[in-house]
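The data block below is input17.cif; it holds mmCIF, C-alpha atoms and all ligand atoms.
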```cif
data_input
loop_
_atom_site.label_atom_id
_atom_site.label_comp_id
_atom_site.auth_asym_id
_atom_site.auth_seq_id
_atom_site.Cartn_x
_atom_site.Cartn_y
_atom_site.Cartn_z
CA MET A 1 46.50 -11.31 4.71
CA VAL A 2 43.13 -10.32 6.13
CA ASP A 3 42.67 -10.99 9.79
CA TRP A 4 39.01 -11.82 10.32
CA ARG A 5 38.90 -9.89 13.57
CA ASP A 6 39.67 -6.77 11.56
CA LEU A 7 36.94 -7.36 9.04
CA GLY A 8 34.35 -4.68 9.23
CA ASN A 9 36.60 -2.36 11.16
CA ILE A 10 36.41 1.03 9.48
CA TRP A 11 39.55 2.33 11.09
CA THR A 12 41.74 -0.51 9.93
CA THR A 13 40.29 -0.20 6.44
CA PHE A 14 41.06 3.52 6.33
CA LYS A 15 44.77 2.95 6.11
CA GLU A 16 44.37 1.12 2.83
CA LEU A 17 42.27 3.75 1.09
CA ASP A 18 43.42 6.34 -1.38
CA ILE A 19 41.56 9.30 0.03
CA ARG A 20 43.60 11.99 -1.70
CA PRO A 21 41.27 12.55 -4.68
CA ILE A 22 38.29 12.96 -2.34
CA ARG A 23 40.16 15.42 -0.18
CA GLU A 24 41.27 17.44 -3.20
CA GLU A 25 37.73 17.62 -4.50
CA ALA A 26 36.43 18.79 -1.11
CA GLU A 27 39.12 21.49 -0.91
CA ARG A 28 38.81 22.76 -4.47
CA PRO A 29 37.65 26.40 -4.30
CA LEU A 30 33.94 26.99 -4.70
CA VAL A 31 32.50 30.48 -4.99
CA LEU A 32 28.83 31.41 -4.84
CA ALA A 33 27.68 34.81 -6.08
CA PHE A 34 24.46 36.60 -5.13
CA ALA A 35 23.15 39.26 -7.47
CA GLY A 36 20.06 41.41 -7.11
CA ALA A 37 18.66 44.87 -6.52
CA ALA A 38 19.27 46.63 -3.20
CA GLY A 39 17.20 45.28 -0.32
CA VAL A 40 16.10 41.98 -1.91
CA GLY A 41 17.84 40.00 0.85
CA LYS A 42 21.28 39.05 -0.51
CA SER A 43 23.18 39.75 2.71
CA THR A 44 20.52 37.97 4.76
CA LEU A 45 20.80 34.92 2.50
CA ILE A 46 24.60 34.85 2.69
CA ALA A 47 24.43 35.00 6.48
CA ALA A 48 21.98 32.06 6.45
CA LEU A 49 24.37 29.99 4.31
CA ARG A 50 27.24 30.55 6.68
CA HIS A 51 25.29 30.05 9.85
CA SER A 52 26.22 26.98 11.83
CA LYS A 53 24.63 25.92 15.09
CA ARG A 54 27.96 24.52 16.18
CA SER A 55 29.89 27.57 17.27
CA ARG A 56 33.25 25.84 17.07
CA ASP A 57 32.91 25.75 13.29
CA LYS A 58 34.94 28.50 11.69
CA VAL A 59 33.83 28.55 8.10
CA ILE A 60 35.55 30.43 5.35
CA SER A 61 32.96 30.76 2.63
CA PRO A 62 33.90 33.01 -0.25
CA THR A 63 30.84 34.81 -1.56
CA LEU A 64 30.29 37.67 -3.92
CA GLU A 65 27.43 40.11 -3.44
CA THR A 66 26.59 42.41 -6.28
CA ASP A 67 23.97 44.82 -7.55
CA LEU A 68 22.60 44.30 -11.02
CA ASP A 69 24.07 47.53 -12.43
CA ALA A 70 27.61 46.73 -11.29
CA PRO A 71 28.26 43.08 -12.01
CA THR A 72 31.77 42.50 -10.73
CA ARG A 73 34.01 39.45 -10.95
CA LEU A 74 31.21 37.07 -11.74
CA ASP A 75 33.60 34.92 -13.80
CA GLU A 76 35.00 33.59 -10.55
CA ALA A 77 31.62 32.28 -9.43
CA ASP A 78 30.70 28.60 -9.80
CA LEU A 79 27.05 29.54 -9.37
CA VAL A 80 25.31 32.89 -9.61
CA VAL A 81 22.08 33.21 -7.63
CA LEU A 82 19.77 35.93 -8.92
CA VAL A 83 17.85 37.05 -5.83
CA LEU A 84 14.38 38.51 -6.32
CA ASP A 85 12.10 40.17 -3.78
CA ALA A 86 8.90 38.21 -4.43
CA THR A 87 6.76 41.07 -3.07
CA ARG A 88 7.84 43.34 -5.91
CA GLY A 89 5.79 42.65 -9.01
CA ASP A 90 8.08 43.93 -11.78
CA PHE A 91 11.20 42.00 -12.71
CA SER A 92 11.95 43.53 -16.11
CA ILE A 93 15.44 44.75 -15.09
CA GLU A 94 16.18 41.31 -13.64
CA ALA A 95 14.91 39.67 -16.83
CA ASP A 96 17.34 41.67 -19.01
CA TRP A 97 20.19 40.97 -16.66
CA TYR A 98 19.31 37.27 -16.60
CA ARG A 99 19.39 37.01 -20.41
CA GLN A 100 22.79 38.74 -20.57
CA GLN A 101 24.26 36.39 -17.99
CA LYS A 102 22.72 33.36 -19.66
CA ASP A 103 24.32 34.41 -22.95
CA ALA A 104 27.65 34.78 -21.15
CA GLY A 105 27.34 31.09 -20.28
CA ARG A 106 26.97 31.46 -16.53
CA ASN A 107 25.57 28.83 -14.20
CA LEU A 108 22.43 30.52 -12.85
CA LEU A 109 19.73 29.97 -10.26
CA VAL A 110 16.75 32.28 -9.74
CA PHE A 111 15.62 32.67 -6.13
CA TYR A 112 12.32 34.28 -5.16
CA ASN A 113 13.02 35.57 -1.64
CA LYS A 114 10.62 36.97 1.00
CA MET A 115 7.94 34.42 0.21
CA ASP A 116 6.84 34.79 3.86
CA ALA A 117 5.76 38.38 3.13
CA LEU A 118 3.94 37.62 -0.12
CA ARG A 119 0.16 38.07 0.03
CA ASP A 120 -0.95 37.12 -3.46
CA THR A 121 0.85 34.30 -5.26
CA ASN A 122 -1.08 34.90 -8.50
CA THR A 123 0.96 37.96 -9.41
CA LEU A 124 4.05 35.85 -8.98
CA SER A 125 3.08 33.00 -11.28
CA ALA A 126 2.64 35.55 -14.09
CA THR A 127 6.36 36.38 -13.85
CA MET A 128 7.47 32.75 -14.14
CA THR A 129 7.56 32.73 -17.95
CA THR A 130 10.60 35.04 -17.77
CA TRP A 131 12.79 32.21 -16.49
CA VAL A 132 11.77 29.41 -18.81
CA GLY A 133 14.32 26.60 -18.71
CA ALA A 134 16.05 28.01 -15.61
CA ARG A 135 16.35 26.53 -12.15
CA VAL A 136 14.02 28.46 -9.85
CA ALA A 137 13.65 28.25 -6.07
CA PHE A 138 11.30 29.91 -3.58
CA GLY A 139 11.76 30.67 0.11
CA SER A 140 12.63 33.09 2.83
CA ALA A 141 16.22 33.97 3.69
CA ARG A 142 15.09 34.62 7.26
CA ASP A 143 13.83 31.08 7.73
CA ALA A 144 16.36 28.21 7.49
CA ASP A 145 13.59 25.59 7.26
CA SER A 146 12.08 27.19 4.20
CA LEU A 147 15.54 27.34 2.60
CA ALA A 148 16.10 23.65 3.34
CA THR A 149 13.02 22.51 1.44
CA ASP A 150 13.61 24.23 -1.89
CA PHE A 151 16.67 26.46 -2.15
CA VAL A 152 19.13 23.90 -0.75
CA PRO A 153 18.24 21.02 -3.12
CA ARG A 154 18.19 23.38 -6.14
CA VAL A 155 21.71 24.65 -5.33
CA ILE A 156 23.00 21.10 -4.87
CA GLU A 157 21.52 20.16 -8.28
CA SER A 158 23.12 23.23 -9.83
CA LEU A 159 26.61 22.13 -8.76
CA PRO A 160 26.95 18.49 -9.81
CA GLY A 161 29.99 16.75 -8.34
CA ARG A 162 30.68 19.66 -5.98
CA ALA A 163 28.53 18.63 -3.00
CA LEU A 164 31.46 18.00 -0.63
CA ALA A 165 33.05 21.37 -1.30
CA LEU A 166 29.67 23.09 -1.05
CA ALA A 167 28.81 21.56 2.32
CA ARG A 168 32.30 22.11 3.66
CA ARG A 169 32.20 25.85 2.99
CA TYR A 170 28.53 26.65 3.49
CA PRO A 171 27.07 24.97 6.59
CA LEU A 172 23.46 25.44 5.41
CA PHE A 173 24.02 22.55 2.97
CA ARG A 174 25.66 20.13 5.36
CA VAL A 175 22.74 18.05 6.56
CA ALA A 176 21.24 17.71 3.07
CA VAL A 177 24.58 16.69 1.54
CA ALA A 178 25.27 14.27 4.41
CA ARG A 179 21.85 12.62 3.90
CA ASP A 180 22.53 12.23 0.17
CA LEU A 181 25.90 10.64 0.92
CA ILE A 182 24.38 8.24 3.47
CA ASN A 183 21.54 7.22 1.15
CA ASP A 184 23.75 6.79 -1.92
CA THR A 185 26.36 4.70 -0.10
CA SER A 186 23.79 2.54 1.70
CA PHE A 187 22.04 1.90 -1.59
CA ALA A 188 25.32 1.15 -3.37
CA ASN A 189 26.20 -1.40 -0.66
CA ALA A 190 22.75 -2.99 -0.91
CA SER A 191 23.12 -3.29 -4.69
CA TYR A 192 26.56 -4.76 -4.29
CA ALA A 193 25.28 -7.37 -1.81
CA LEU A 194 22.47 -8.28 -4.18
CA GLY A 195 24.90 -8.77 -7.03
CA THR A 196 27.14 -11.17 -5.16
CA GLY A 197 24.59 -13.91 -4.78
CA PHE A 198 23.45 -15.95 -1.84
CA ALA A 199 24.23 -15.31 1.78
CA GLU A 200 26.98 -17.26 3.41
CA ILE A 201 27.22 -16.83 7.14
CA VAL A 202 30.75 -16.16 8.38
CA PRO A 203 30.72 -18.63 11.28
CA ALA A 204 32.85 -16.76 13.80
CA LEU A 205 31.05 -13.47 13.19
CA ASP A 206 27.41 -14.38 12.56
CA ILE A 207 27.40 -12.09 9.57
CA PRO A 208 25.75 -13.04 6.28
CA PHE A 209 28.78 -12.00 4.25
CA ASN A 210 31.89 -13.75 3.07
CA VAL A 211 35.35 -12.26 3.45
CA ALA A 212 35.40 -10.62 0.02
CA ASP A 213 32.02 -8.98 0.67
CA MET A 214 33.17 -7.63 4.00
CA VAL A 215 36.26 -6.03 2.48
CA ILE A 216 34.21 -4.16 -0.15
CA LEU A 217 31.32 -3.17 2.10
CA THR A 218 33.60 -1.88 4.84
CA LYS A 219 35.68 0.03 2.35
CA ASN A 220 32.56 1.83 1.14
CA GLN A 221 31.53 2.46 4.72
CA ALA A 222 34.97 3.90 5.54
CA LEU A 223 34.81 6.18 2.50
CA LEU A 224 31.38 7.35 3.64
CA VAL A 225 32.76 8.23 7.07
CA TYR A 226 35.60 10.18 5.51
CA LYS A 227 33.31 12.06 3.11
CA LEU A 228 30.89 12.85 5.92
CA GLY A 229 33.77 14.25 7.92
CA LEU A 230 34.71 16.49 5.00
CA ALA A 231 31.13 17.56 4.29
CA LEU A 232 30.56 18.38 7.96
CA GLY A 233 33.68 20.55 8.03
CA LEU A 234 36.15 18.35 9.93
CA SER A 235 39.87 18.19 9.28
CA THR A 236 41.07 16.61 6.03
CA ARG A 237 43.50 14.36 7.91
CA TRP A 238 41.86 11.01 8.44
CA GLN A 239 43.74 10.56 11.72
CA ASP A 240 41.67 13.43 13.09
CA HIS A 241 38.51 11.76 11.93
CA PHE A 242 39.57 8.75 13.89
CA ALA A 243 39.80 10.83 17.04
CA GLU A 244 36.54 12.69 16.39
CA LEU A 245 34.43 9.89 15.05
CA GLY A 246 35.96 6.81 16.61
CA GLY A 247 33.93 7.24 19.75
CA VAL A 248 30.79 7.97 17.77
CA VAL A 249 30.61 4.74 15.80
CA GLY A 250 32.79 2.56 18.04
CA ALA A 251 35.08 0.19 16.24
CA GLY A 252 32.75 0.39 13.30
CA PHE A 253 31.63 -3.14 13.90
CA VAL A 254 28.05 -2.30 13.17
CA TRP A 255 27.47 -5.21 10.78
CA ARG A 256 27.40 -7.62 13.64
CA GLN A 257 24.97 -5.69 15.81
CA ILE A 258 22.66 -5.30 12.86
CA ALA A 259 22.98 -8.93 11.86
CA ARG A 260 22.08 -10.03 15.39
CA GLN A 261 18.66 -8.54 14.96
CA LEU A 262 18.14 -10.87 12.04
CA VAL A 263 18.74 -14.14 13.84
CA GLY A 264 16.21 -16.71 12.80
CA LEU A 265 15.05 -14.84 9.73
CA VAL A 266 17.80 -15.88 7.37
CA PRO A 267 16.22 -19.14 6.18
CA VAL A 268 12.87 -17.43 5.55
CA TRP A 269 14.18 -14.46 3.64
CA GLY A 270 16.78 -16.02 1.39
CA ILE A 271 18.80 -13.22 -0.23
CA VAL A 272 16.96 -10.42 1.55
CA PRO A 273 18.80 -10.39 4.92
CA LYS A 274 22.19 -10.01 3.34
CA VAL A 275 21.07 -7.06 1.24
CA ALA A 276 19.19 -5.55 4.20
CA VAL A 277 22.24 -5.81 6.46
CA ALA A 278 24.49 -4.30 3.79
CA TYR A 279 22.13 -1.32 3.60
CA ALA A 280 21.44 -1.00 7.33
CA GLY A 281 25.06 -1.29 8.51
CA THR A 282 26.05 1.60 6.28
CA TYR A 283 22.99 3.68 7.05
CA ALA A 284 23.41 3.30 10.84
CA VAL A 285 27.04 4.42 10.78
CA GLY A 286 26.17 7.49 8.70
CA GLU A 287 23.19 8.49 10.82
CA ALA A 288 25.18 8.06 14.06
CA ILE A 289 27.77 10.51 12.74
CA LEU A 290 25.12 12.97 11.58
CA HIS A 291 23.41 12.79 14.97
CA TRP A 292 26.69 13.61 16.68
CA TYR A 293 27.25 16.54 14.33
CA GLN A 294 23.77 17.96 14.86
CA THR A 295 23.58 17.53 18.63
CA GLY A 296 27.21 17.53 19.72
CA HIS A 297 26.56 14.28 21.59
CA LYS A 298 27.38 10.68 20.98
CA MET A 299 24.29 8.52 20.68
CA SER A 300 23.25 6.59 23.78
CA GLY A 301 23.11 2.79 23.84
CA ARG A 302 19.33 2.93 23.62
CA GLY A 303 19.52 5.47 20.79
CA MET A 304 21.86 3.15 18.92
CA ARG A 305 19.49 0.20 19.32
CA GLU A 306 16.62 2.28 18.02
CA LEU A 307 18.77 3.45 15.15
CA TYR A 308 19.67 -0.17 14.24
CA ALA A 309 16.02 -1.17 14.28
CA ASP A 310 15.11 1.77 12.03
CA ALA A 311 18.07 1.10 9.74
CA LEU A 312 17.10 -2.53 9.40
CA ALA A 313 13.48 -1.71 8.62
CA ARG A 314 14.70 0.58 5.82
CA GLY A 315 17.21 -2.05 4.71
CA ARG A 316 14.47 -4.68 4.46
CA GLN A 317 12.32 -2.40 2.35
CA VAL A 318 15.19 -1.52 0.02
CA ALA A 319 16.20 -5.19 -0.21
CA GLN A 320 12.70 -6.25 -1.16
CA ASP A 321 12.36 -3.47 -3.72
CA LEU A 322 15.74 -4.29 -5.23
CA ALA A 323 15.03 -8.03 -5.35
CA ALA A 324 11.66 -7.40 -7.01
CA ARG A 325 13.24 -5.20 -9.66
CA THR A 326 16.00 -7.64 -10.56
CA PRO A 327 14.91 -9.68 -13.58
CA ARG A 328 14.73 -13.38 -12.91
CA PRO A 329 16.72 -15.56 -15.29
CA SER A 330 14.26 -16.70 -17.95
CA LEU A 331 14.36 -20.22 -19.32
CA PRO A 332 15.13 -20.62 -23.01
CA ARG A 333 12.01 -21.05 -25.05
CA VAL A 334 11.70 -24.47 -26.57
CA ALA A 335 9.45 -24.98 -29.58
CA LEU A 336 7.12 -27.81 -28.60
CA PRO A 337 4.79 -29.48 -31.10
CA ARG A 338 1.33 -28.03 -30.59
CA PRO A 339 -1.15 -30.73 -29.60
CA ALA A 340 -3.95 -30.96 -32.20
CA LEU A 341 -7.20 -29.74 -30.71
CA PRO A 342 -10.42 -31.52 -31.59
CA ARG A 343 -12.37 -29.53 -34.16
CA LEU A 344 -15.50 -28.06 -32.76
CA PRO A 345 -18.45 -27.16 -34.98
CA ARG A 346 -18.47 -23.44 -35.78
CA PRO A 347 -21.45 -21.63 -34.32
CA ARG A 348 -23.78 -20.63 -37.14
CA ALA A 349 -25.90 -17.53 -37.52
CA LYS A 350 -29.49 -17.82 -36.32
CA ASN A 351 -32.19 -18.23 -38.95
CA VAL A 352 -33.76 -14.76 -38.75
CA CYS A 353 -36.86 -13.87 -40.80
CA ALA A 354 -36.16 -10.97 -43.21
CA ALA A 355 -39.82 -9.88 -43.09
CA CYS A 356 -40.61 -9.77 -39.35
CA GLY A 357 -37.25 -10.33 -37.57
CA ALA A 358 -38.35 -13.42 -35.66
CA LYS A 359 -35.79 -16.07 -34.86
CA ASN A 360 -36.46 -19.52 -36.22
CA PRO A 361 -34.84 -22.93 -35.78
CA ARG A 362 -31.85 -23.29 -38.05
CA ASP A 363 -33.42 -25.87 -40.32
CA ALA A 364 -36.82 -24.10 -40.66
CA ARG A 365 -37.79 -23.01 -44.19
CA PHE A 366 -40.77 -20.79 -43.28
CA CYS A 367 -41.07 -18.27 -40.46
CA SER A 368 -42.99 -19.62 -37.51
CA ARG A 369 -44.49 -16.16 -36.80
CA CYS A 370 -45.39 -14.58 -40.19
CA GLY A 371 -45.12 -17.53 -42.55
CA ALA A 372 -42.70 -15.79 -44.97
CA GLN A 373 -40.13 -17.90 -46.73
CA LEU A 374 -36.77 -18.05 -44.94
CA ASN A 375 -33.43 -17.98 -46.77
CA ALA A 376 -32.39 -21.50 -47.23
CA GLU A 377 -28.78 -22.18 -46.21
N1 LIG B 401 10.14 39.32 5.29
C1 LIG B 401 11.38 39.07 4.86
N2 LIG B 401 12.33 39.99 4.94
C2 LIG B 401 13.58 39.70 4.49
C3 LIG B 401 13.87 38.44 3.95
N3 LIG B 401 15.17 38.45 3.58
C4 LIG B 401 15.66 39.66 3.88
N4 LIG B 401 14.71 40.45 4.45
C5 LIG B 401 14.82 41.82 4.92
O1 LIG B 401 15.06 42.66 3.81
C6 LIG B 401 15.91 43.74 4.19
C7 LIG B 401 17.10 43.83 3.24
O2 LIG B 401 17.88 42.66 3.37
P1 LIG B 401 19.41 42.61 2.94
O3 LIG B 401 19.84 41.20 3.16
O4 LIG B 401 20.21 43.66 3.61
O5 LIG B 401 19.28 42.91 1.40
P2 LIG B 401 20.47 43.17 0.35
O6 LIG B 401 20.49 44.62 0.09
O7 LIG B 401 20.02 42.43 -0.90
O8 LIG B 401 21.71 42.63 0.89
C8 LIG B 401 16.32 43.48 5.62
O9 LIG B 401 15.51 44.26 6.48
C9 LIG B 401 16.03 42.01 5.82
O10 LIG B 401 15.75 41.69 7.13
C10 LIG B 401 12.83 37.48 3.88
O11 LIG B 401 12.98 36.35 3.40
N5 LIG B 401 11.61 37.83 4.35
MG MG B 402 23.60 43.56 1.22
#
```
Write the structure described by the file as structure tokens, please.
Amino acid sequence: MVDWRDLGNIWTTFKELDIRPIREEAERPLVLAFAGAAGVGKSTLIAALRHSKRSRDKVISPTLETDLDAPTRLDEADLVVLVLDATRGDFSIEADWYRQQKDAGRNLLVFYNKMDALRDTNTLSATMTTWVGARVAFGSARDADSLATDFVPRVIESLPGRALALARRYPLFRVAVARDLINDTSFANASYALGTGFAEIVPALDIPFNVADMVILTKNQALLVYKLGLALGLSTRWQDHFAELGGVVGAGFVWRQIARQLVGLVPVWGIVPKVAVAYAGTYAVGEAILHWYQTGHKMSGRGMRELYADALARGRQVAQDLAARTPRPSLPRVALPRPALPRLPRPRAKNVCAACGAKNPRDARFCSRCGAQLNAE
């Protein structure tokens, strides 16, 4: 029996979840390999992947580093990154190597490194035809920001379904993977809320959800918290998440705080507030956790209020977009008898003189300008 005071409480919901498959996926081994000529920046790139601002993180990230002439143990790799030094113009050795590896069925990504040192990008675009059909990324292994914009999303795309394991082992991917998780779950909750029809306010809670909604939405929120914990490198035991994250998101009763900001708008918006709250409640929890991970501090009360306002603004936008995209039920077409329209006289061609081109009244038989005979109708 659901106790309404427990509705929306992530920590109570946790106990009912089967988190084992998620944990197993996050712990499944994942190996990245970096291949390339000497000095292209493989070791620098590997160090960047492992780097974590939070010193308490001890990350075990299995990587292989190999030259092109001695490709060792690449079968173990889930993804092989071919690292190029963008300042060198000739990649013919790399091109041969790439074709061999492609034929061997390997999962490959081409990375143009040292883009910061490149003077002339024209020489580079000429080499692009070598990698037709491949995933290609550009950046600088020395600059984490440049890696975040291109390299990070390309690697995530290259390893579908492996984002948790990737982020867990290689801290460089953590924020990007966490953001994807937050956005996907918030959007899924918004879609769910849209699908379940009109808002019903739960009287004791001031929340535009019914009991069944709350159970589903909070379950998704709890799963998000657990996945975020895994992606950000926390322990796989949910009890530890409770200790770490409990203080960060409170009792998880974010729905109510968010819903409070909506007071008075419910009658005007119809379905929108429910969908917006479903999005915003999930988004705020995720962002609060990410903030804690990035800064090491719990968000302040003021920070939380700002976060709620931002979350709700996003939620409103998503709700409106979703509602606009949902097809309205169309009425069946009924064949009605067409009313008979009065017949109007058809406009007739003007009476134009074949000899001089002058226009004449329709009933004229001779041209008023040149006197020639007009074609009788
Ligand atoms: N300008 C620049 N230098 C880099 C970059 N990445 C690596 N390097 C430098 O290139 C040299 C070789 O790097 P290293 O990682 O040891 O190459 P490896 O032999 O492929 O492992 C070092 O001096 C690095 O500092 C980059 O993105 N930009
Ligand atoms: Mg090296």
Kindly work out which residues sit at most 10 Å from ligand LIG 401 (chain B), using only C-alpha atoms and all ligand atoms, and give the list as JSON, numbers by chain.
-> {"A": [34, 35, 36, 37, 38, 39, 40, 41, 42, 43, 44, 45, 46, 47, 48, 65, 66, 67, 83, 84, 85, 86, 87, 112, 113, 114, 115, 116, 117, 118, 138, 139, 140, 141, 142, 143, 144, 146, 147]}
Export of prior selection with C-alpha atoms as a compact mmCIF listing (two decimals), in the frame of the given file:
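Generated output (again.txt):
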```txt
# COMPACT_ATOMS: atom_id res chain seq x y z
CA PHE A 34 24.46 36.60 -5.13
CA ALA A 35 23.15 39.26 -7.47
CA GLY A 36 20.06 41.41 -7.11
CA ALA A 37 18.66 44.87 -6.52
CA ALA A 38 19.27 46.63 -3.20
CA GLY A 39 17.20 45.28 -0.32
CA VAL A 40 16.10 41.98 -1.91
CA GLY A 41 17.84 40.00 0.85
CA LYS A 42 21.28 39.05 -0.51
CA SER A 43 23.18 39.75 2.71
CA THR A 44 20.52 37.97 4.76
CA LEU A 45 20.80 34.92 2.50
CA ILE A 46 24.60 34.85 2.69
CA ALA A 47 24.43 35.00 6.48
CA ALA A 48 21.98 32.06 6.45
CA GLU A 65 27.43 40.11 -3.44
CA THR A 66 26.59 42.41 -6.28
CA ASP A 67 23.97 44.82 -7.55
CA VAL A 83 17.85 37.05 -5.83
CA LEU A 84 14.38 38.51 -6.32
CA ASP A 85 12.10 40.17 -3.78
CA ALA A 86 8.90 38.21 -4.43
CA THR A 87 6.76 41.07 -3.07
CA TYR A 112 12.32 34.28 -5.16
CA ASN A 113 13.02 35.57 -1.64
CA LYS A 114 10.62 36.97 1.00
CA MET A 115 7.94 34.42 0.21
CA ASP A 116 6.84 34.79 3.86
CA ALA A 117 5.76 38.38 3.13
CA LEU A 118 3.94 37.62 -0.12
CA PHE A 138 11.30 29.91 -3.58
CA GLY A 139 11.76 30.67 0.11
CA SER A 140 12.63 33.09 2.83
CA ALA A 141 16.22 33.97 3.69
CA ARG A 142 15.09 34.62 7.26
CA ASP A 143 13.83 31.08 7.73
CA ALA A 144 16.36 28.21 7.49
CA SER A 146 12.08 27.19 4.20
CA LEU A 147 15.54 27.34 2.60
```
Polymer residues at most 8 Å from A:Tyr226, all atoms listed in the file, same-chain spacing of 3 or more positions, as an NGL selection string = :A and (222-223 or 229-230 or 238 or 241)
Taken to one decimal, the atom CA of A:Val175-atom CA of A:Leu74 distance is 27.7 Å
Would you mind telling me which residue in A:Leu64, A:Asp103, A:Leu49, A:Ile93 lies nearest to ligand MG 402 (chain B) when using all atoms listed in the file?
->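 Ranking A:Leu64, A:Asp103, A:Leu49, A:Ile93 by distance to ligand MG 402 (chain B), first place goes to A:Leu64.
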Mind checking which residues fall within 9 Å of A:Phe173, counting only C-alpha atoms, ignoring those fewer than 2 positions away in the same chain, and posting them as a PyMOL selection string?
-> chain A and resi 49+148+152-153+155-156+163+166-171+175-178+231
